[in-house]
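Worksheet for the structure shown next.
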Amino acid sequence: MKKLLFIPVLALIASQSSAIDFTDQGEYLGSSGCIVCHERFYELWSTSHHGKAMEAFSVSLTKTLEPMTEPIEVGGESFIVEFDEHGGILRGTSPCGEETTWRIRFSFGGRNVRYFLIPMEKGKLQVAPVAYYVHQGKWYDTAGSMVRDFQDSGPADAALHWTDRALTFNTSCHDCHVSQLEKNYNPEDDSYTTTWNEPGINCEVCHGPAEAHVKAAEAAALKGEELTDLKLLRFHEDLDLAQRDATCGPCHAKGQVLTSDFTPGELFFDHYDLTSYEDRDFWPDGRDLGENYTQTAWEANQCAISGQLECIHCHTSSGRFRFKDNPNNACLPCHEERVDDILAHSHHSAEAGVTCVDCHMPTTAQAFMSRSDHTFRPPSPEATLEFGSPNACNLCHNNQEAIMGNYAGHDKEDAEWADKYVKKWHGENSGKTILEQGRIIELCREGEWNRLPEILAYFDNPNCDPAASVAILRMLNNCPLPEIWPTIREQLNDESEWVRATAAASLQYDTSVEATKGLLAACSDQYRTVRIRAAGALLARNLAGYSAEERAAYDTAHDEYWNSLIIWPDRWSTHYNQGIYYDRIGESDKSLAAYEKSMELRDDVIQPLINASMVHARSGNSTNAYEMLEKALKIEPDNAMVNFNIALLDAEFGNLDDAKKHLKAALKTEPDMPQAAYNLGVLLARDQDKEGFQWLEKAAFLVPENWNYTSSYLYFLQQNGRGSESESVMLRIIDTGHAAAEVYFNLAGSMEREGRTSEAMEIYKKAKLDPRLPMEAKRYASNQEQRLRTAP
């Protein structure tokens with residue numbers, strides 16, 4: 001069975017950050033405590049998207065909405081919003097005509113869309129099944145709009161049911177829409193008594209509690225003195241650039257929360273990890289599908305990487321664009337020459353009104369939420385032609401509808417037309433670095449490990465930014481070749497803490513002494529995310545031979561790692577990852593209990609079932625393992641891993657016909673699944689079925705370094721009177737450049753027995769020169785070559 005599915009050094013000198021103690025600032029007062037002295041700022045904040053991130057669903061709010069005249073069908077039910085003297089209700093009608101009504105309590109969003117919250121059982125606030133598109137005044141299916149339009153060969157996305165826990169406000173989307181929230185989750189009955197001080201993102205989210213500040217200001221005013229000690233966190237004066245950006249990052253990031261106690265002044269990768277281009281939400285060239293998460297793009301933004309640009313250069317603390325009246329000024333002073341001659345640089349006329357932002361921050365959308373690209377990369381129509389990603393040229397020319405997520409208008413002819421002009425104006429190599437990155441990411445996504453040297457070399461490319469490095473490292477986890485480990489170990493020394501953390505996580509599967517030493521050093525990294533990932537990779541390793549200091553660093557990092565696994569008891573993935581933790585340290589009962597809890601919170605995901613089946617199987621309880629997989633098969637009948645694992649148990653129970661059926665189902669979904677091809681090949685070849693030989697051959701060439709696959713294919717060829725084909729098979733395996741040492745030695749031995757000494761010598765020579773083979777194998781090959789060369 002495969003590795004468990006996990007949902008997820010050199011100490012570098014950099015600025016340290018630690019949690020700011022707000023104790024001396026007293027209690028949180030809310031924005032009403034600020035208005036007396038800061039009326040103008042209050043007005044700006046209260047009307048901003050930060051201030052209105054959450055609002056009560058009131059009569060005054062309904063006056064800004066178009067009434068809903070017709071119900072909308074969602075998942076077989078129909079829903080309509082009806083305004084009344086208290087705000088409004090949501091009326092739902094089931095397929096059998098049964099009606100249910102919910103009082104709409106809150107609206108959140110507002111810049112592009114408005115989502116609505118309705119109260120459900122056990123204190124849950126659920127995102128309503130219908131939402132409102134502000135710019136057109138129309139109502140629509142909430143979950144249906146969230147379906148991602150993946151334009152690749154992978155599986156299509158599907159809409160969640162509107163009651164899905166991912167759309168429960170208390171569980172998934174709370175912190176970024178209200179201030180000073182207390183979730184108050186009770187795991188005993190899966191209920192919430194969630195509270196918050198104020199809707200929206202208020203002043204105290206960034207500045208800390210205002211009580212002491214207000215008292216000091218009032219005292220100073222009574223004395224007629226200037227307030228010198230603000231008793232408040234000053235965003236500009238008290239924080240550096242990285243700390244200020246980190247305060248904005250958490251609500252604008254797609255990733256993983258590792259702690260529950262982030263405060264302004266701390267750094268992003270002390271509390272969070274981040275999704276990158278390994279995710280299908282990004283095209284291979286790094287453009288995203290349009291979700292309003294910009295932190296990943298920011299990690300690839302060369303202006304930000306240089307340390308010369310921060311969020312609040314362009315945005316006010318309330319989220320407004322500072323340069324709305326003259327967007328090009330946002331690029332000053334660094335790009336003064338181009339700003340001063342924007343017409344020449346853009347090759348557009350003054351009448352076109354093109355700005356820097358139009359070309360370097362094109363607007364796209366997902367689920368009716370528009371966002372601008374924060375990588376600042378130049379337009380690359382050639383990337384559109386190669387990867388299907390949007391480009392700024394065609395967003396304006398012939399494809400305005402793409403701004404709302406419809407890329408059908410990105411016709412090949414239009415992109416070719418745009419590409420011709422971009423290259424005419426900016427040279428044939430325009431966009432070259434974008435294409436280089438996209439091709440490497442695509443190689444990793446497709447598992448083209450025969451081009452591994454090219455992939456590994458990209459880490460040394462000066463254009464390989466942290467987001468690209470992270471994506472490649474994560475996808476290398478799917479590569480079976482041992483050549484990956486030295487390069488991954490090198491990334492523990494990268495200047496980016498994000499890259500170091502990702503490298504540490506990947507080294508879970510490298511058990512070498514070098515990896516262990518590097519991970520122990522990473523346990524002392526200044527960034528908590530690096531330490532957490534290092535401790536996770538070291539879990540269950542024997543550290544007895546290492547120093548007391550190293551073991552102490554691991555123990556501290558391990559505590560941080562464990563804490564990252566328990567902070568969200570209301571999420572199925574929390575208990576799922578705890579199940580993996582307990583399984584890795586050999587505590588099967590606790591592992592199974594954690595997987596069971598995960599299944600209670602979410603009964604439609606298969607990962608806990610698969611992993612629980614593995615625990616049962618290793619404990620010798622094949623019957624329970626089979627039951628887990630049967631449940632998983634009902635949820636995802638076409639899942640390749642489920643079908644493969646249940647086939648192994650079918651074979652164990654002697655149900656060979658069922659085993660063949662499930663292996664074929666696995667291969668229908670994943671035709672290049674080598675372990676399924678091998679096992680199906682063995683079962684069929686035993687009955688002299690021609691199809692079995694085809695699958696055995698496929699397995700041997702999918703993983704040529706696996707001698708078991710090759711030798712089984714050779715065995716069945718011999719058993720069926722086709723032994724004469726063996727030499728051709730072994731030669732072709734060697735030509736892949738990934739043959740196991742046994743292939744060389746068996747072929748050379750066969751040639752020697754037939755008296756073909758010179759050919760045998762040549763095969764031994766090839767083995768001797770194969771850089772992938774272990775030194776012992778190369779030494780043996782050299783000795784055999786020398787023996788034949790000196791033989792009489």
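Residue names in the structure tokens use chain letters A, B, ... in the order shown, residue numbers from 1 in each chain, and ligand numbers from 1 in the order shown.
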- All alpha helix (DSSP H) positions in segment 155-271 of chain A, as a ChimeraX atom specification: /A:169-172,203-207,211-223,241-248
So that each row is one residue of segment 297-373 of chain A with an atom at most 9 Å from segment 238-246 of chain A, can you give its shortest atom pair and the distance in Å to one decimal, using only C-alpha atoms, rows by chain and rising number, as a tab-separated table?
residue	atom	partner	partner_atom	distance
A:Gly307	CA	A:Leu241	CA	7.9
A:Gln308	CA	A:Leu241	CA	8.9
A:Leu309	CA	A:Leu241	CA	8.3
A:Glu310	CA	A:Asp245	CA	6.2
A:Cys311	CA	A:Asp245	CA	5.9
A:Ile312	CA	A:Asp245	CA	7.9
For the residues selected in the previous step, produce a file with N, CA and C atoms as a compact mmCIF listing (two decimals), in the first residue's frame.
# COMPACT_ATOMS: atom_id res chain seq x y z
N GLY A 307 12.26 43.65 -1.36
CA GLY A 307 12.11 44.40 -0.12
C GLY A 307 11.82 45.88 -0.33
N GLN A 308 11.44 46.26 -1.56
CA GLN A 308 11.19 47.67 -1.85
C GLN A 308 9.72 48.00 -2.03
N LEU A 309 8.85 47.01 -1.77
CA LEU A 309 7.42 47.25 -1.95
C LEU A 309 6.66 46.53 -0.85
N GLU A 310 5.62 47.16 -0.33
CA GLU A 310 4.78 46.53 0.68
C GLU A 310 3.32 46.82 0.38
N CYS A 311 2.44 46.11 1.04
CA CYS A 311 1.01 46.23 0.77
C CYS A 311 0.52 47.68 0.89
N ILE A 312 0.95 48.36 1.98
CA ILE A 312 0.39 49.68 2.23
C ILE A 312 1.06 50.78 1.40
Against segment 318-321 of chain A, which residues of segment 168-262 of chain A fall within 10 Å? For each one I want the closest pair of atoms and the distance in Å (one decimal), counting only C-alpha atoms, rows by chain and increasing residue number, as JSON lines.
{"residue": "A:Ile201", "atom": "CA", "partner": "A:Ser318", "partner_atom": "CA", "distance": 8.5}
{"residue": "A:Asn202", "atom": "CA", "partner": "A:Ser318", "partner_atom": "CA", "distance": 9.0}
{"residue": "A:Cys203", "atom": "CA", "partner": "A:Ser318", "partner_atom": "CA", "distance": 9.0}
{"residue": "A:Cys248", "atom": "CA", "partner": "A:Gly319", "partner_atom": "CA", "distance": 9.6}
Selection file, C-alpha atoms, as a PDB file, in the first residue's frame:
ATOM      1  CA  ILE A 201     -12.252  44.355  10.509  1.00  0.00           C
ATOM      2  CA  ASN A 202     -11.895  47.121  13.060  1.00  0.00           C
ATOM      3  CA  CYS A 203      -8.996  49.359  14.105  1.00  0.00           C
ATOM      4  CA  CYS A 248      -2.333  41.782   5.862  1.00  0.00           C
TER       5      CYS A 248
END
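Distances to Thr142 of chain A were evaluated for A:Phe282, A:Leu702, A:Ala300, A:Phe368 using only C-alpha atoms, and the minimum falls at A:Phe368.
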